[in-house]
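Containing CSV, C-alpha atoms: final-v7.csv.
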```csv
chain,number,residue,atom,x,y,z
R,24,MET,CA,6.7,-38.8,21.0
R,25,SER,CA,5.6,-36.0,18.7
R,26,SER,CA,7.5,-35.5,15.4
R,27,LEU,CA,6.3,-31.9,15.2
R,28,ASN,CA,9.0,-29.4,16.4
R,29,LEU,CA,7.5,-26.0,16.8
R,30,ASP,CA,11.0,-24.5,17.2
R,31,ASP,CA,11.5,-25.0,13.4
R,32,PHE,CA,9.1,-22.1,12.7
R,33,THR,CA,11.6,-19.7,14.2
R,34,ASP,CA,14.1,-20.5,11.5
R,35,LEU,CA,11.5,-20.9,8.7
R,36,ILE,CA,9.7,-17.6,9.2
R,37,GLU,CA,11.4,-14.5,7.8
R,38,ARG,CA,10.2,-10.9,8.1
R,39,PRO,CA,8.6,-9.2,5.1
R,40,ASP,CA,11.4,-7.8,2.8
R,41,GLY,CA,12.8,-4.6,4.5
R,42,GLY,CA,14.6,-3.5,1.4
R,43,VAL,CA,11.4,-3.7,-0.7
R,44,ARG,CA,9.6,-1.7,2.0
R,45,ARG,CA,12.2,1.0,1.8
R,46,ASP,CA,11.8,1.1,-1.9
R,47,ALA,CA,8.0,1.4,-1.5
R,48,GLU,CA,8.5,4.3,1.0
R,49,ALA,CA,10.8,6.0,-1.5
R,50,ARG,CA,8.2,5.6,-4.3
R,51,ARG,CA,5.5,7.0,-2.0
R,52,GLU,CA,7.7,10.1,-1.4
R,53,ARG,CA,7.7,10.7,-5.2
R,54,GLN,CA,4.0,10.4,-5.7
R,55,VAL,CA,1.8,13.5,-6.4
R,56,VAL,CA,-0.1,13.2,-3.2
R,57,PRO,CA,2.0,14.3,-0.2
R,58,PRO,CA,3.2,11.4,2.0
R,59,GLY,CA,1.2,11.0,5.1
R,60,SER,CA,-1.9,12.6,3.6
R,61,LEU,CA,-3.5,9.1,3.1
R,62,GLY,CA,-3.1,8.2,6.8
R,63,ARG,CA,-2.7,4.4,7.5
R,64,LEU,CA,-3.3,3.6,3.9
R,65,ASP,CA,0.3,4.7,3.2
R,66,GLU,CA,1.5,2.2,5.9
R,67,LEU,CA,-0.7,-0.6,4.5
R,68,GLY,CA,0.5,-0.1,1.0
R,69,GLU,CA,4.2,-0.3,2.1
R,70,TRP,CA,3.4,-3.4,4.3
R,71,LEU,CA,1.8,-5.1,1.3
R,72,ALA,CA,4.8,-4.3,-0.9
R,73,ALA,CA,7.1,-5.8,1.6
R,74,ALA,CA,4.9,-8.9,2.0
R,75,GLN,CA,4.8,-9.4,-1.8
R,76,SER,CA,8.4,-8.3,-2.4
R,77,ALA,CA,7.0,-6.1,-5.2
R,78,VAL,CA,7.2,-2.4,-6.0
R,79,PRO,CA,4.8,-1.2,-7.1
R,80,VAL,CA,2.5,-3.4,-5.0
R,81,ARG,CA,0.3,-5.9,-6.8
R,82,PRO,CA,-3.5,-5.7,-6.3
R,83,VAL,CA,-5.1,-8.0,-3.9
R,84,ASP,CA,-7.2,-10.0,-6.4
R,85,ARG,CA,-7.6,-13.4,-4.8
R,86,PRO,CA,-8.5,-13.0,-1.1
R,87,ARG,CA,-10.3,-15.7,0.7
R,88,VAL,CA,-12.2,-16.2,4.0
R,89,VAL,CA,-11.1,-19.2,6.0
R,90,LEU,CA,-13.2,-20.2,9.0
R,91,PHE,CA,-12.2,-22.9,11.5
R,92,ALA,CA,-15.2,-24.4,13.3
R,93,GLY,CA,-15.5,-26.3,16.6
R,94,ASP,CA,-17.7,-26.8,19.7
R,95,HIS,CA,-16.3,-26.4,23.2
R,96,ARG,CA,-17.8,-28.3,26.1
R,97,ILE,CA,-17.1,-25.4,28.5
R,98,ALA,CA,-20.3,-24.0,27.0
R,99,GLU,CA,-22.2,-26.5,29.1
R,100,LEU,CA,-21.6,-24.3,32.1
R,101,GLY,CA,-23.7,-21.5,30.6
R,102,VAL,CA,-20.9,-19.2,29.6
R,103,SER,CA,-22.3,-18.6,26.2
R,104,ALA,CA,-25.7,-17.2,25.0
R,105,ARG,CA,-25.8,-20.0,22.5
R,106,PRO,CA,-26.5,-23.6,23.5
R,107,ALA,CA,-23.6,-26.0,23.9
R,108,GLY,CA,-23.0,-27.9,20.7
R,109,GLY,CA,-24.7,-25.2,18.6
R,110,ALA,CA,-21.8,-24.3,16.3
R,111,GLY,CA,-22.9,-26.9,13.7
R,112,GLU,CA,-26.1,-24.9,13.1
R,113,LEU,CA,-24.0,-21.7,12.6
R,114,VAL,CA,-21.9,-23.4,10.0
R,115,ARG,CA,-24.9,-24.5,8.1
R,116,GLU,CA,-26.2,-21.0,8.1
R,117,VAL,CA,-22.8,-19.7,6.8
R,118,LEU,CA,-22.9,-22.3,4.0
R,119,GLU,CA,-26.5,-21.4,3.1
R,120,GLY,CA,-25.6,-17.7,2.9
R,121,GLY,CA,-27.6,-16.5,5.9
R,122,ARG,CA,-24.8,-15.2,8.2
R,123,PRO,CA,-23.2,-11.7,8.2
R,124,VAL,CA,-20.0,-13.1,6.8
R,125,SER,CA,-21.9,-14.7,3.9
R,126,VAL,CA,-23.6,-11.4,3.0
R,127,LEU,CA,-20.4,-9.5,3.1
R,128,ALA,CA,-18.5,-12.1,1.2
R,129,ARG,CA,-21.1,-12.1,-1.6
R,130,ARG,CA,-21.0,-8.3,-1.7
R,131,LEU,CA,-17.2,-8.3,-2.0
R,132,GLY,CA,-16.9,-11.3,-4.2
R,133,VAL,CA,-14.8,-13.3,-1.8
R,134,PRO,CA,-15.1,-17.1,-1.5
R,135,VAL,CA,-15.6,-18.5,2.0
R,136,ARG,CA,-14.1,-21.8,3.2
R,137,VAL,CA,-15.3,-23.5,6.4
R,138,VAL,CA,-13.1,-26.2,8.0
R,139,ASP,CA,-14.7,-28.4,10.7
R,140,MET,CA,-12.2,-29.3,13.3
R,141,ALA,CA,-14.4,-30.4,16.3
R,142,LEU,CA,-18.1,-29.7,15.6
R,143,ASP,CA,-20.5,-31.6,17.9
R,144,CYS,CA,-22.7,-32.9,15.1
R,145,ASP,CA,-23.1,-35.7,12.7
R,146,PRO,CA,-20.5,-35.2,9.9
R,147,GLN,CA,-23.0,-36.5,7.4
R,148,THR,CA,-25.0,-33.3,7.8
R,149,LEU,CA,-22.2,-31.2,6.3
R,150,PRO,CA,-20.4,-31.3,3.0
R,151,ALA,CA,-17.4,-33.7,2.8
R,152,GLU,CA,-15.1,-30.8,2.0
R,153,VAL,CA,-16.0,-29.1,5.3
R,154,VAL,CA,-15.6,-32.2,7.5
R,155,ARG,CA,-12.5,-33.9,6.0
R,156,HIS,CA,-10.1,-32.4,8.5
R,157,ARG,CA,-12.2,-33.1,11.6
R,158,VAL,CA,-10.2,-34.3,14.6
R,159,ARG,CA,-12.9,-35.1,17.1
R,160,ARG,CA,-16.5,-34.4,18.0
R,161,GLY,CA,-16.5,-31.5,20.4
R,162,GLY,CA,-13.7,-30.5,22.8
R,163,GLY,CA,-13.1,-31.3,26.4
R,164,ARG,CA,-14.4,-29.2,29.3
R,165,ILE,CA,-11.2,-27.2,29.9
R,166,ASP,CA,-12.0,-26.2,33.5
R,167,VAL,CA,-11.7,-29.9,34.6
R,168,GLU,CA,-10.1,-31.8,31.7
R,169,ASP,CA,-7.9,-31.3,28.6
R,170,ALA,CA,-9.5,-30.0,25.4
R,171,LEU,CA,-7.6,-32.5,23.3
R,172,THR,CA,-5.2,-35.4,23.7
R,173,PRO,CA,-1.6,-34.6,22.6
R,174,GLU,CA,-2.2,-36.7,19.4
R,175,GLU,CA,-5.3,-34.8,18.6
R,176,ALA,CA,-3.6,-31.4,19.2
R,177,GLU,CA,-0.8,-32.3,16.8
R,178,ALA,CA,-3.3,-33.6,14.2
R,179,ALA,CA,-5.3,-30.3,14.4
R,180,PHE,CA,-2.2,-28.2,14.2
R,181,ARG,CA,-1.0,-30.1,11.1
R,182,ALA,CA,-4.5,-29.8,9.6
R,183,GLY,CA,-4.2,-26.0,9.9
R,184,MET,CA,-0.8,-26.1,8.3
R,185,ALA,CA,-2.2,-28.2,5.4
R,186,VAL,CA,-5.0,-25.7,4.8
R,187,ALA,CA,-2.5,-22.9,4.7
R,188,ASP,CA,-0.5,-24.8,2.1
R,189,GLU,CA,-3.6,-25.5,0.1
R,190,GLU,CA,-4.5,-21.8,0.0
R,191,ALA,CA,-1.0,-20.6,-0.9
R,192,ASP,CA,-0.7,-23.3,-3.6
R,193,SER,CA,-4.0,-22.3,-5.1
R,194,GLY,CA,-2.9,-18.6,-5.5
R,195,THR,CA,-4.8,-17.0,-2.6
R,196,ASP,CA,-3.0,-13.7,-2.0
R,197,LEU,CA,-4.6,-12.8,1.3
R,198,VAL,CA,-6.7,-14.6,3.9
R,199,VAL,CA,-9.3,-13.3,6.3
R,200,LEU,CA,-9.2,-15.7,9.2
R,201,GLY,CA,-12.1,-16.3,11.5
R,202,ASP,CA,-13.8,-18.9,13.7
R,203,VAL,CA,-17.3,-20.4,14.0
R,204,SER,CA,-17.6,-21.8,17.6
R,205,VAL,CA,-19.6,-21.9,20.7
R,206,GLY,CA,-17.5,-21.6,23.8
R,207,GLY,CA,-14.5,-20.5,21.8
R,208,THR,CA,-14.2,-17.1,23.4
R,209,THR,CA,-13.8,-18.7,26.8
R,210,ALA,CA,-10.9,-20.9,25.6
R,211,ALA,CA,-9.4,-17.8,23.9
R,212,GLY,CA,-9.6,-15.8,27.1
R,213,VAL,CA,-7.8,-18.5,29.0
R,214,LEU,CA,-4.9,-18.6,26.4
R,215,VAL,CA,-4.6,-14.8,26.5
R,216,ALA,CA,-4.7,-14.6,30.3
R,217,ALA,CA,-2.1,-17.4,30.5
R,218,LEU,CA,0.3,-15.9,28.0
R,219,CYS,CA,-0.1,-12.3,29.3
R,220,GLY,CA,0.0,-13.2,33.0
R,221,THR,CA,-3.3,-11.6,33.8
R,222,ASP,CA,-6.4,-12.5,35.9
R,223,ALA,CA,-9.5,-14.1,34.4
R,224,SER,CA,-11.7,-11.0,34.8
R,225,VAL,CA,-9.3,-8.9,32.8
R,226,VAL,CA,-9.8,-10.9,29.6
R,227,THR,CA,-13.4,-12.1,30.0
R,228,GLY,CA,-15.8,-10.4,27.6
R,229,ARG,CA,-19.5,-10.9,26.8
R,230,GLY,CA,-19.0,-13.0,23.7
R,231,GLY,CA,-20.4,-12.7,20.2
R,232,LEU,CA,-24.0,-12.9,21.3
R,233,ALA,CA,-23.8,-10.8,24.5
R,234,ILE,CA,-24.3,-12.6,27.8
R,235,ASP,CA,-25.9,-11.2,31.0
R,236,ASP,CA,-24.0,-10.4,34.2
R,237,LEU,CA,-24.7,-13.8,35.8
R,238,ALA,CA,-23.4,-15.6,32.7
R,239,TRP,CA,-20.4,-13.3,32.7
R,240,MET,CA,-19.6,-14.3,36.3
R,241,ARG,CA,-19.9,-18.0,35.3
R,242,LYS,CA,-17.5,-17.3,32.4
R,243,CYS,CA,-15.0,-15.6,34.7
R,244,ALA,CA,-15.1,-18.6,37.1
R,245,ALA,CA,-14.6,-21.1,34.2
R,246,THR,CA,-11.8,-19.0,32.8
R,247,ARG,CA,-10.2,-18.9,36.3
R,248,ASP,CA,-10.4,-22.6,36.8
R,249,ALA,CA,-9.0,-23.4,33.3
R,250,LEU,CA,-6.2,-20.8,33.8
R,251,ARG,CA,-5.0,-22.8,36.8
R,252,ARG,CA,-4.6,-25.8,34.5
R,253,ALA,CA,-2.9,-23.7,31.8
R,254,ARG,CA,-0.1,-22.2,33.8
R,255,PRO,CA,1.9,-25.4,34.4
R,256,VAL,CA,2.2,-26.0,30.6
R,257,LEU,CA,3.1,-22.5,29.4
R,258,GLY,CA,6.5,-23.6,28.2
R,259,ASP,CA,5.0,-26.0,25.6
R,260,GLN,CA,2.7,-24.2,23.2
R,261,LEU,CA,1.3,-27.4,21.6
R,262,ARG,CA,0.5,-28.9,25.0
R,263,LEU,CA,-1.1,-25.5,26.0
R,264,LEU,CA,-3.4,-25.8,23.1
R,265,ALA,CA,-4.2,-29.4,24.0
R,266,THR,CA,-4.9,-28.5,27.6
R,267,VAL,CA,-7.1,-25.3,27.4
R,268,GLY,CA,-7.5,-24.6,23.6
R,269,GLY,CA,-9.3,-26.9,21.3
R,270,ALA,CA,-9.0,-28.4,17.8
R,271,ASP,CA,-10.2,-25.3,16.1
R,272,LEU,CA,-7.7,-23.1,18.0
R,273,ALA,CA,-4.9,-25.5,17.4
R,274,ALA,CA,-5.6,-25.6,13.7
R,275,MET,CA,-5.8,-21.8,13.5
R,276,THR,CA,-2.4,-21.5,15.2
R,277,GLY,CA,-0.9,-23.9,12.7
R,278,PHE,CA,-2.6,-22.1,9.9
R,279,LEU,CA,-1.1,-18.7,11.0
R,280,LEU,CA,2.4,-20.0,11.4
R,281,GLN,CA,2.4,-21.9,8.1
R,282,SER,CA,0.9,-18.8,6.3
R,283,ALA,CA,3.9,-16.8,7.6
R,284,VAL,CA,6.2,-19.5,6.3
R,285,ARG,CA,4.5,-19.3,2.9
R,286,LYS,CA,4.6,-15.4,3.0
R,287,MET,CA,0.8,-15.2,2.7
R,288,PRO,CA,-0.7,-12.2,4.6
R,289,VAL,CA,-3.5,-12.8,7.0
R,290,ILE,CA,-6.2,-10.5,8.4
R,291,LEU,CA,-7.2,-11.4,12.0
R,292,ASP,CA,-10.9,-11.2,12.9
R,293,GLY,CA,-11.8,-11.3,16.5
R,294,VAL,CA,-10.6,-12.5,20.0
R,295,VAL,CA,-10.3,-16.1,19.0
R,296,THR,CA,-7.9,-15.5,16.1
R,297,ALA,CA,-6.0,-12.9,18.3
R,298,ALA,CA,-5.5,-15.6,20.9
R,299,CYS,CA,-4.2,-18.1,18.4
R,300,ALA,CA,-1.9,-15.4,17.0
R,301,LEU,CA,-0.6,-14.8,20.5
R,302,VAL,CA,0.3,-18.4,20.8
R,303,GLY,CA,1.9,-18.2,17.3
R,304,GLN,CA,4.0,-15.3,18.5
R,305,ARG,CA,5.3,-17.4,21.3
R,306,VAL,CA,6.4,-20.0,18.8
R,307,ALA,CA,8.0,-17.6,16.3
R,308,PHE,CA,8.5,-14.0,17.2
R,309,ARG,CA,8.7,-12.8,13.6
R,310,ALA,CA,5.3,-14.3,12.6
R,311,PRO,CA,3.1,-11.3,13.6
R,312,ASP,CA,4.8,-9.2,10.9
R,313,TRP,CA,2.6,-11.1,8.4
R,314,TRP,CA,-0.7,-10.4,10.1
R,315,LEU,CA,-3.1,-7.4,10.3
R,316,ALA,CA,-5.7,-6.8,13.0
R,317,ALA,CA,-8.9,-6.0,11.3
R,318,HIS,CA,-11.0,-4.4,14.0
R,319,ASP,CA,-11.5,-3.7,17.7
R,320,SER,CA,-14.4,-5.9,18.7
R,321,GLY,CA,-14.5,-4.5,22.2
R,322,GLU,CA,-13.5,-7.9,23.7
R,323,PRO,CA,-10.9,-7.3,26.4
R,324,GLY,CA,-9.0,-10.4,25.6
R,325,GLN,CA,-8.6,-9.3,22.0
R,326,ALA,CA,-7.3,-5.9,23.1
R,327,LYS,CA,-4.8,-7.5,25.5
R,328,ALA,CA,-3.5,-9.9,22.8
R,329,LEU,CA,-3.2,-7.3,20.1
R,330,ASP,CA,-1.4,-4.9,22.5
R,331,ARG,CA,1.1,-7.7,23.3
R,332,MET,CA,1.8,-8.2,19.6
R,333,ALA,CA,1.9,-4.5,18.8
R,334,LEU,CA,-0.9,-4.9,16.3
R,335,GLU,CA,-3.2,-1.8,15.8
R,336,PRO,CA,-6.7,-2.6,14.6
R,337,LEU,CA,-7.7,-1.0,11.3
R,338,LEU,CA,-11.4,-0.4,12.3
R,339,THR,CA,-13.4,0.2,15.5
R,340,GLN,CA,-17.0,-0.8,14.7
R,341,GLY,CA,-17.8,-2.9,17.8
R,342,VAL,CA,-18.5,-6.0,15.6
R,343,THR,CA,-18.6,-9.0,18.0
R,344,VAL,CA,-20.4,-11.5,15.7
R,345,GLY,CA,-17.1,-13.2,14.8
R,346,GLU,CA,-17.1,-15.6,11.8
R,347,GLY,CA,-14.7,-13.3,9.9
R,348,ALA,CA,-17.3,-10.5,9.4
R,349,GLY,CA,-15.1,-7.8,11.0
R,350,GLY,CA,-12.1,-9.1,8.9
R,351,LEU,CA,-14.1,-8.7,5.7
R,352,LEU,CA,-15.0,-5.1,6.7
R,353,ALA,CA,-11.3,-4.3,6.7
R,354,LEU,CA,-10.5,-6.0,3.4
R,355,PRO,CA,-11.6,-3.1,1.2
R,356,LEU,CA,-9.2,-0.8,3.1
R,357,VAL,CA,-6.3,-3.1,2.3
R,358,GLN,CA,-7.3,-3.3,-1.4
R,359,ALA,CA,-7.7,0.5,-1.5
R,360,ALA,CA,-4.2,0.9,-0.1
R,361,ALA,CA,-2.8,-1.5,-2.7
R,362,ALA,CA,-4.5,0.4,-5.5
R,363,LEU,CA,-3.4,3.8,-4.3
R,364,ALA,CA,0.2,2.7,-3.8
R,365,ALA,CA,0.4,1.2,-7.3
R,366,GLU,CA,-1.6,3.7,-9.4
R,367,LEU,CA,-1.0,7.2,-8.0
R,368,PRO,CA,1.4,8.9,-10.5
R,369,GLU,CA,4.8,10.1,-9.5
R,370,ARG,CA,5.8,13.8,-9.7
R,371,PRO,CA,7.9,14.7,-12.7
R,372,LYS,CA,11.6,15.0,-12.0
R,373,ALA,CA,13.3,18.4,-11.7
R,374,SER,CA,15.1,17.9,-15.0
R,375,GLU,CA,11.8,17.1,-16.8
R,376,ARG,CA,10.2,20.2,-15.3
R,377,SER,CA,13.2,22.4,-16.4
R,378,GLU,CA,13.0,21.0,-19.9
R,379,GLY,CA,9.3,21.6,-19.9
R,380,SER,CA,9.9,25.2,-18.9
R,381,VAL,CA,12.5,25.8,-21.6
R,382,ASP,CA,10.3,24.3,-24.2
R,383,SER,CA,7.4,26.5,-23.0
R,384,ALA,CA,9.5,29.6,-23.0
R,385,GLY,CA,10.9,28.9,-26.5
R,386,SER,CA,7.4,28.3,-27.8
R,387,GLU,CA,6.3,31.6,-26.3
R,388,ASN,CA,9.2,33.5,-27.8
R,389,SER,CA,8.5,32.0,-31.2
R,390,GLU,CA,4.9,33.0,-31.0
R,391,ASN,CA,5.8,36.5,-29.9
R,392,SER,CA,8.2,36.8,-32.9
R,393,GLU,CA,5.6,35.6,-35.3
R,394,ASP,CA,3.1,38.0,-33.8
R,395,SER,CA,5.6,40.8,-34.2
R,396,GLU,CA,6.3,40.0,-37.8
R,397,ASP,CA,2.5,39.8,-38.5
R,398,SER,CA,2.1,43.2,-36.9
R,399,GLU,CA,4.9,44.7,-38.9
R,400,ASP,CA,3.5,43.3,-42.2
R,401,SER,CA,0.1,44.7,-41.2
R,402,GLU,CA,1.6,48.2,-40.6
R,403,ASP,CA,3.5,48.2,-43.9
R,404,SER,CA,0.3,47.2,-45.7
R,405,GLU,CA,-1.6,50.0,-44.1
R,406,ASN,CA,1.1,52.6,-44.9
R,407,THR,CA,1.1,51.5,-48.5
R,408,ASP,CA,-2.7,51.7,-48.8
R,409,SER,CA,-2.6,55.2,-47.3
R,410,ALA,CA,0.1,56.4,-49.8
R,411,GLU,CA,-1.9,55.1,-52.7
R,412,GLU,CA,-5.1,56.9,-51.5
R,413,LYS,CA,-3.1,60.2,-51.3
R,414,ALA,CA,-1.7,59.8,-54.8
```
This structure in structure tokens:
Amino acid sequence: MSSLNLDDFTDLIERPDGGVRRDAEARRERQVVPPGSLGRLDELGEWLAAAQSAVPVRPVDRPRVVLFAGDHRIAELGVSARPAGGAGELVREVLEGGRPVSVLARRLGVPVRVVDMALDCDPQTLPAEVVRHRVRRGGGRIDVEDALTPEEAEAAFRAGMAVADEEADSGTDLVVLGDVSVGGTTAAGVLVAALCGTDASVVTGRGGLAIDDLAWMRKCAATRDALRRARPVLGDQLRLLATVGGADLAAMTGFLLQSAVRKMPVILDGVVTAACALVGQRVAFRAPDWWLAAHDSGEPGQAKALDRMALEPLLTQGVTVGEGAGGLLALPLVQAAAALAAELPERPKASERSEGSVDSAGSENSENSEDSEDSEDSEDSENTDSAEEKA
């Protein structure tokens, strides 16, 4: 019997402070640049103010990339362009600085944290800090078997919660959430299709490393078969994650919900994080108010999930690589919105403008009086000189 009650999140998660958001909107009305002229940056600044409960908004100084990693045995069916069990190599490349997320993180000065939940590799080949939360080695083939046991699903979910607490306690003020997986987009598609009530083909995309038409058809078939197994357990989100998710997806869902409890904003990267967010919304309907969609990757499952949560992507760059790269591209926009909201000066009040006008007029009158006196003195002097010459 599980001791984890997901219903508790409904009571624990509050919306960002509405009163503070109204104060931020009022302050924006008073700034020198007309409201609305900064587009979505205005909305972002007000969202951040509400999330921080601060007006003016504080700068986003301590962001962090958090990547949950895992292998999915569904990749054995040839649904991915990468070999099954290949996520461990991707993680090593991230840690060595050779992946897009590594390059962007260096450029932006953002630390990257990788959390191994179910990589299919020897844990000795990775740093201890990366593997300490691992639940199992690889996930079950979700078209014919569960991804996790109920106990493993709860352990993974709790691990995600623990990582969120660690980040919040360390002072992280915003997280870019991503995944490093092989086969993860198939599991994500199954979750989205199950929760949105759609067919497999509607949510099946080409993946981070694009697959050909034949592989896409295999992916659709695998998603369809897994979807049949998902539908009977839709009422229990933890069991759903155990049946057709995986340890990395369960951990991300726990991370997202606990981040909302801790009032720590999160930027969602691609289709895998969007699928986990959709599960999180089912658990606690207020949770998506703490999340931003970074970009539109072109994956149909991501678009379906974001539409269901009413989250509009900040960017459309067609970035499908995953690993938090698209999320990092959106981070400078969020930081820019915070800076503009906090640093743009306010227009002077009407009374201040009136006083300034009076002072200016008084000064001009005084100067005119002085000029007049100088002119009169000059004329008197000239008249005197003229009279003396005549005499």
Q: Name all residues at most 7 Å from stretch 346-359 of chain R (count all atoms listed in the file; drop same-chain ones fewer than 5 positions away) and give them as a PyMOL selection string.
A: chain R and resi 67+82-83+90+123-124+127+199-203+290-292+317-318+337-338
Q. Looking at all atoms listed in the file, which of R:Ala98, R:Leu264, R:Ala223, R:Ala104 is the one that sits closest to R:Pro173?
A. R:Leu264
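The space separating atom CA of R:Val267 from atom CA of R:Ile165 comes to 5.2 Å.
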Q: Would you kindly return, as a ChimeraX atom specification, each protein, DNA or RNA residue with an atom no farther than 10 Å from any atom of R:Thr266, considering all atoms listed in the file and excluding same-chain residues fewer than 2 positions away?
A: /R:163-173,176,210,214,249-250,252-253,256,260-264,268-269
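The spacing separating atom CA of R:Gly206 from atom CA of R:Arg309 amounts to 29.5 Å.
Going from atom CA of R:Ser60 to atom CA of R:Glu48 covers 13.6 Å.
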Kindly provide, as a PDB file with C-alpha atoms, in the frame of the given file, the polymer residues lying within 7 Å of (-2.7, -16.8, 8.9), counting only C-alpha atoms and using the coordinates exactly as they appear in the file.
```
ATOM      1  CA  VAL R 198      -6.700 -14.600   3.900  1.00  0.00           C
ATOM      2  CA  LEU R 200      -9.200 -15.700   9.200  1.00  0.00           C
ATOM      3  CA  PHE R 278      -2.600 -22.100   9.900  1.00  0.00           C
ATOM      4  CA  LEU R 279      -1.100 -18.700  11.000  1.00  0.00           C
ATOM      5  CA  LEU R 280       2.400 -20.000  11.400  1.00  0.00           C
ATOM      6  CA  SER R 282       0.900 -18.800   6.300  1.00  0.00           C
ATOM      7  CA  ALA R 283       3.900 -16.800   7.600  1.00  0.00           C
ATOM      8  CA  PRO R 288      -0.700 -12.200   4.600  1.00  0.00           C
ATOM      9  CA  VAL R 289      -3.500 -12.800   7.000  1.00  0.00           C
ATOM     10  CA  TRP R 314      -0.700 -10.400  10.100  1.00  0.00           C
TER      11      TRP R 314
END
```
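Near R:Asp196, within 9 Å and counting only C-alpha atoms, sit Gln75, Val83, Asp84, Arg85, Pro86, Arg87, Glu190, Ala191, Met287 and Pro288 of chain R, not including residues fewer than 3 positions from it in the same chain.
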Q | Long-range neighbours of R:Ala298 as a ChimeraX atom specification, 12 Å cut-off, all atoms listed in the file, 5 positions minimum in chain | A | /R:201-202,207-219,226,263-264,267-269,271-273,275-276,279,291-293,303-305,316,322-332
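Using all atoms listed in the file, the shortest contact distance between R:Ile36 and any of R:Leu64, R:Leu71, R:Val284, R:Ala362 is found at R:Val284.
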Long-range neighbours of stretch 232-239 of chain R as a PDB file with C-alpha atoms, keeping the file's coordinate frame, 7 Å cut-off, only C-alpha atoms, 6 positions minimum in chain:
```
ATOM      1  CA  GLY R 101     -23.700 -21.500  30.600  1.00  0.00           C
ATOM      2  CA  VAL R 102     -20.900 -19.200  29.600  1.00  0.00           C
ATOM      3  CA  SER R 103     -22.300 -18.600  26.200  1.00  0.00           C
ATOM      4  CA  ALA R 104     -25.700 -17.200  25.000  1.00  0.00           C
ATOM      5  CA  VAL R 344     -20.400 -11.500  15.700  1.00  0.00           C
TER       6      VAL R 344
END
```
Q. From the set R:Lys242, R:Arg254, R:Ser26, R:Asp94, which residue has the shortest atom-to-atom contact distance to R:Pro106, counting all atoms listed in the file?
A. R:Asp94
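Minimum atom-to-atom distance to R:Leu315, evaluated using all atoms listed in the file, belongs to R:Thr296 out of R:Thr296, R:Asn28, R:Ser125, R:Gln340.
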Q. Which residue out of R:Ala179, R:Leu27, R:Ala300, R:Val294 has the minimum interatomic distance to R:Thr227 when only C-alpha atoms are used?
A. R:Val294
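Shortest atom-to-atom contact with R:Arg251 among R:Asp222, R:Asp312, R:Glu366, R:Asp30: R:Asp222, counting only C-alpha atoms.
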Place a sphere of radius 7 Å on (-27.1, -12.2, -1.0) in the file coordinates and name every protein, DNA or RNA residue with an atom inside or on its surface, counting only C-alpha atoms; give the answer as a PDB file with C-alpha atoms, in the frame of the given file.
```
ATOM      1  CA  GLY R 120     -25.600 -17.700   2.900  1.00  0.00           C
ATOM      2  CA  VAL R 126     -23.600 -11.400   3.000  1.00  0.00           C
ATOM      3  CA  ARG R 129     -21.100 -12.100  -1.600  1.00  0.00           C
TER       4      ARG R 129
END
```
